[in-house]
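The structure file work-v3.cif is reproduced below (mmCIF, C-alpha atoms).
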```cif
data_model
#
loop_
_atom_site.label_atom_id
_atom_site.label_comp_id
_atom_site.auth_asym_id
_atom_site.auth_seq_id
_atom_site.Cartn_x
_atom_site.Cartn_y
_atom_site.Cartn_z
CA ARG Q 1213 83.62 74.13 125.83
CA ASP Q 1214 84.98 77.59 125.50
CA VAL Q 1215 85.54 78.22 121.79
CA VAL Q 1216 87.47 80.79 119.80
CA ASP Q 1217 86.21 81.35 116.25
CA VAL Q 1218 88.90 82.29 113.74
CA GLY Q 1219 87.92 83.76 110.36
CA ASP Q 1220 90.33 83.87 107.41
CA HIS Q 1221 89.76 85.89 104.27
CA GLY Q 1222 91.69 85.73 101.05
CA GLY Q 1223 90.91 86.54 97.46
CA ALA Q 1224 89.23 83.17 96.89
CA GLY Q 1225 86.94 82.85 99.90
CA CYS Q 1226 86.31 82.94 103.60
CA ARG Q 1227 87.09 80.14 106.01
CA ALA Q 1228 86.25 79.82 109.69
CA VAL Q 1229 87.57 77.34 112.20
CA ALA Q 1230 86.41 76.90 115.78
CA VAL Q 1231 89.02 75.75 118.26
CA ASP Q 1232 88.65 75.14 121.95
CA LEU Q 1233 90.99 76.51 124.58
CA SER Q 1234 93.19 73.42 124.31
CA SER Q 1235 93.62 74.15 120.55
CA GLU Q 1236 91.42 71.25 119.42
CA VAL Q 1237 89.49 71.96 116.20
CA VAL Q 1238 85.79 71.53 116.95
CA GLY Q 1239 84.28 72.74 113.66
CA HIS Q 1240 84.82 74.54 110.38
CA ALA Q 1241 82.89 76.24 107.57
CA GLU Q 1242 83.83 78.01 104.35
CA ARG Q 1243 82.43 79.95 101.40
CA ALA Q 1244 84.10 80.51 98.04
CA PHE Q 1245 83.99 83.88 96.31
CA PRO Q 1246 83.13 84.11 92.62
CA ILE Q 1247 86.14 83.42 90.40
CA ILE Q 1248 88.09 86.58 89.69
CA GLU Q 1249 88.94 86.94 86.04
CA ARG Q 1250 92.29 88.75 85.88
CA GLN Q 1251 92.47 91.52 83.34
CA SER Q 1252 96.10 92.47 82.88
CA ASP Q 1253 97.28 93.93 86.21
CA LEU Q 1254 93.76 94.46 87.55
CA SER Q 1255 92.68 92.30 90.51
CA GLU Q 1256 89.88 93.84 92.55
CA GLN Q 1257 86.91 92.70 94.59
CA ASP Q 1258 83.77 94.10 96.16
CA PRO Q 1259 84.44 94.17 99.94
CA ARG Q 1260 80.78 93.45 100.64
CA LEU Q 1261 81.54 89.84 99.63
CA TRP Q 1262 83.82 89.61 102.66
CA ARG Q 1263 81.11 90.79 105.06
CA GLU Q 1264 78.45 88.51 103.58
CA SER Q 1265 80.75 85.48 103.61
CA THR Q 1266 81.85 86.19 107.18
CA PHE Q 1267 78.24 86.25 108.38
CA ALA Q 1268 77.50 83.05 106.48
CA VAL Q 1269 80.46 81.04 107.76
CA VAL Q 1270 80.16 82.29 111.33
CA ALA Q 1271 76.42 81.51 111.37
CA GLU Q 1272 77.00 78.05 109.91
CA LEU Q 1273 79.81 77.29 112.31
CA THR Q 1274 78.23 78.62 115.50
CA ALA Q 1275 74.97 76.79 114.72
CA ARG Q 1276 76.91 73.56 115.28
CA LEU Q 1277 78.40 74.71 118.59
CA PRO Q 1278 76.88 74.80 122.07
CA LYS Q 1279 75.03 78.04 122.82
CA HIS Q 1280 77.33 80.80 124.13
CA ALA Q 1281 80.41 78.74 123.28
CA CYS Q 1282 82.08 81.40 121.14
CA ARG Q 1283 84.20 83.73 123.29
CA ALA Q 1284 86.17 85.60 120.62
CA LEU Q 1285 86.28 86.25 116.90
CA CYS Q 1286 89.66 86.69 115.22
CA ILE Q 1287 89.82 87.99 111.67
CA ALA Q 1288 92.72 87.37 109.28
CA GLY Q 1289 93.12 88.58 105.73
CA THR Q 1290 95.67 89.26 103.06
CA SER Q 1291 97.88 92.12 104.19
CA GLY Q 1292 98.54 93.31 100.65
CA THR Q 1293 94.85 94.02 100.01
CA ALA Q 1294 93.68 97.63 100.50
CA LEU Q 1295 90.42 99.57 100.31
CA ILE Q 1296 89.20 103.10 100.94
CA CYS Q 1297 86.08 103.97 102.93
CA ASP Q 1298 84.05 106.88 104.20
CA ALA Q 1299 83.63 107.67 107.92
CA ALA Q 1300 80.92 104.99 108.28
CA GLY Q 1301 83.13 102.30 106.72
CA VAL Q 1302 81.27 102.25 103.40
CA PRO Q 1303 83.70 101.28 100.60
CA LEU Q 1304 84.26 104.07 98.08
CA ALA Q 1305 85.80 101.82 95.41
CA PRO Q 1306 86.53 98.16 94.82
CA ALA Q 1307 89.29 96.76 97.02
CA LEU Q 1308 92.62 96.18 95.32
CA LEU Q 1309 93.65 92.61 96.05
CA TYR Q 1310 97.14 91.50 97.06
CA ASN Q 1311 97.98 90.55 93.45
CA ASP Q 1312 96.74 93.76 91.78
CA GLY Q 1313 99.68 95.23 89.87
CA ARG Q 1314 98.54 98.73 88.92
CA ALA Q 1315 100.42 100.68 91.60
CA ARG Q 1316 103.77 100.76 89.80
CA THR Q 1317 104.17 104.54 90.00
CA GLU Q 1318 103.27 104.48 93.68
CA ALA Q 1319 105.70 101.62 94.34
CA ASP Q 1320 108.45 103.68 92.64
CA ASP Q 1321 107.54 106.64 94.89
CA ILE Q 1322 107.87 104.41 97.96
CA ASP Q 1323 111.22 103.05 96.73
CA ARG Q 1324 112.60 106.60 96.61
CA VAL Q 1325 111.88 107.35 100.29
CA ALA Q 1326 111.57 104.09 102.22
CA PRO Q 1327 114.45 102.13 103.74
CA THR Q 1328 115.15 98.75 102.17
CA ALA Q 1329 114.09 96.84 105.30
CA THR Q 1330 110.40 97.81 105.07
CA ALA Q 1331 107.74 95.45 103.70
CA ALA Q 1332 106.07 98.44 102.02
CA HIS Q 1333 108.10 98.05 98.81
CA GLY Q 1334 106.64 96.78 95.55
CA VAL Q 1335 103.28 96.82 93.79
CA GLY Q 1336 102.13 94.06 96.17
CA SER Q 1337 102.29 96.35 99.19
CA SER Q 1338 99.11 97.73 100.68
CA LEU Q 1339 100.78 101.15 100.89
CA ALA Q 1340 101.29 101.26 97.11
CA LYS Q 1341 97.68 100.17 96.60
CA ALA Q 1342 96.40 102.74 99.10
CA LEU Q 1343 98.29 105.52 97.32
CA TRP Q 1344 96.89 104.33 93.98
CA LEU Q 1345 93.33 104.32 95.36
CA VAL Q 1346 93.70 107.81 96.84
CA ARG Q 1347 95.03 109.15 93.52
CA HIS Q 1348 92.30 107.52 91.42
CA TYR Q 1349 89.32 107.98 93.77
CA PRO Q 1350 89.80 111.42 95.34
CA GLY Q 1351 87.06 112.61 97.60
CA HIS Q 1352 85.83 112.09 101.10
CA ILE Q 1353 88.13 109.25 102.12
CA THR Q 1354 88.25 108.74 105.88
CA TRP Q 1355 89.80 105.29 106.13
CA VAL Q 1356 92.40 103.36 104.19
CA LEU Q 1357 92.03 99.80 105.45
CA HIS Q 1358 93.40 96.31 105.04
CA GLN Q 1359 90.99 93.46 104.38
CA ALA Q 1360 90.93 92.16 107.97
CA ASP Q 1361 90.65 95.70 109.37
CA TRP Q 1362 87.49 96.38 107.40
CA VAL Q 1363 85.80 93.10 108.41
CA ALA Q 1364 86.81 93.50 112.06
CA GLY Q 1365 85.70 97.14 112.03
CA TYR Q 1366 82.31 96.13 110.70
CA PHE Q 1367 81.86 93.67 113.57
CA ALA Q 1368 83.21 96.15 116.14
CA GLY Q 1369 81.10 99.03 114.83
CA TYR Q 1370 84.07 101.35 114.40
CA TYR Q 1371 87.22 101.62 112.29
CA GLY Q 1372 90.72 103.03 112.61
CA PHE Q 1373 92.60 100.08 114.07
CA SER Q 1374 94.84 97.40 112.67
CA ASP Q 1375 97.27 94.77 113.84
CA SER Q 1376 101.00 95.05 113.29
CA ASN Q 1377 101.07 92.06 110.92
CA SER Q 1378 98.49 93.55 108.53
CA ALA Q 1379 100.16 96.96 108.75
CA LEU Q 1380 103.64 95.70 107.76
CA LYS Q 1381 102.99 96.19 104.03
CA SER Q 1382 101.73 99.69 104.80
CA GLY Q 1383 105.08 100.68 106.29
CA PHE Q 1384 104.46 100.03 110.00
CA ASP Q 1385 107.68 99.31 111.88
CA PRO Q 1386 107.14 96.41 114.33
CA LEU Q 1387 110.51 96.99 116.00
CA THR Q 1388 109.62 100.50 117.11
CA GLY Q 1389 105.85 99.91 117.23
CA SER Q 1390 105.24 103.04 115.19
CA TRP Q 1391 104.79 104.53 111.75
CA PRO Q 1392 108.12 105.73 110.36
CA ALA Q 1393 108.79 109.37 109.52
CA TRP Q 1394 109.34 108.62 105.84
#
```
Could the structure of this file be written out as structure tokens, please?
Amino acid sequence: RDVVDVGDHGGAGCRAVAVDLSSEVVGHAERAFPIIERQSDLSEQDPRLWRESTFAVVAELTARLPKHACRALCIAGTSGTALICDAAGVPLAPALLYNDGRARTEADDIDRVAPTATAAHGVGSSLAKALWLVRHYPGHITWVLHQADWVAGYFAGYYGFSDSNSALKSGFDPLTGSWPAW
């Protein structure tokens, strides 16, 4: 069978499901992340957990499939999670998870300039988190990435791409297919 392997990341763990070309589920695997103890508004995670869990679930899942059955790997993650990296994709700080609430000042800054229709409003947006990270970890930042972008970039061997769904909370406009001027 031709199989597509779909990985899903969240704050609690990594799940992978293999489906064939007729959309039949032919296998699954998952790994939980350590429990995150919330401290006030702080909710962060070491992105290396995502990479390690992806390797583990993909290895477990593909070991149960016929050799060469996997034709594609799709990565999904929480769009409100953001991290900063150097040119090689090495994280420069913990990732701020979708439910981190520290970016209030940055969310207010976005509210002053962004139209109401954008998903970039609020402390839950990846844009607010990215601005918070840039302000609190200045230095040699090359990439501001969403969770799925970082995992996919690691597998691809390069960074600097995203999908429109992940980029919505960063201000991407799916109607125009571009980043707005604001």
Once the PyMOL selection byres ((chain Q and resi 1242) around 6) has been applied to the shown file, what residues remain in the selection, as a PyMOL selection string? chain Q and resi 1226-1227+1241+1243+1269
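Atom CA of Ala1342 of chain Q is positioned 7.4 Å from atom CA of Ile1296 of chain Q.
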Tell me, as a CSV table (one decimal) with C-alpha atoms, keeping the file's coordinate frame, which residues lie within 9 Å of Ala1332 of chain Q, counting only C-alpha atoms; anything in the same chain fewer than 2 positions away does not count.
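Below is the file that was written, result.csv:
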```csv
chain,number,residue,atom,x,y,z
Q,1319,ALA,CA,105.7,101.6,94.3
Q,1322,ILE,CA,107.9,104.4,98.0
Q,1323,ASP,CA,111.2,103.0,96.7
Q,1326,ALA,CA,111.6,104.1,102.2
Q,1329,ALA,CA,114.1,96.8,105.3
Q,1330,THR,CA,110.4,97.8,105.1
Q,1334,GLY,CA,106.6,96.8,95.6
Q,1335,VAL,CA,103.3,96.8,93.8
Q,1336,GLY,CA,102.1,94.1,96.2
Q,1337,SER,CA,102.3,96.4,99.2
Q,1338,SER,CA,99.1,97.7,100.7
Q,1339,LEU,CA,100.8,101.2,100.9
Q,1340,ALA,CA,101.3,101.3,97.1
Q,1380,LEU,CA,103.6,95.7,107.8
Q,1381,LYS,CA,103.0,96.2,104.0
Q,1382,SER,CA,101.7,99.7,104.8
Q,1383,GLY,CA,105.1,100.7,106.3
Q,1384,PHE,CA,104.5,100.0,110.0
```
Using Å and a single decimal, report how far atom CA of Glu1272 of chain Q sits from atom CA of Cys1286 of chain Q. 16.2 Å
For each of Q:Leu1345, Q:Ile1287, Q:Ala1275, Q:Ala1268, take the minimum atom-to-atom distance to Ala1305 of chain Q, counting all atoms listed in the file, then give the residue where this is smallest. Q:Leu1345
Here is a test: counting only C-alpha atoms, which residue of Q:Leu1387, Q:Thr1328, Q:Thr1354, Q:Ser1234 is nearest to Tyr1371 of chain Q?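 Closest to Tyr1371 of chain Q, using only C-alpha atoms: Q:Thr1354.
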Centre, edges in Å (one decimal): axis-aligned box, segment 1284-1292 of chain Q, 6 Å padding on all six sides, as AutoDock Vina command-line options:
```
--center_x 92.4 --center_y 89.5 --center_z 110.6 --size_x 24.4 --size_y 19.7 --size_z 32.0
```
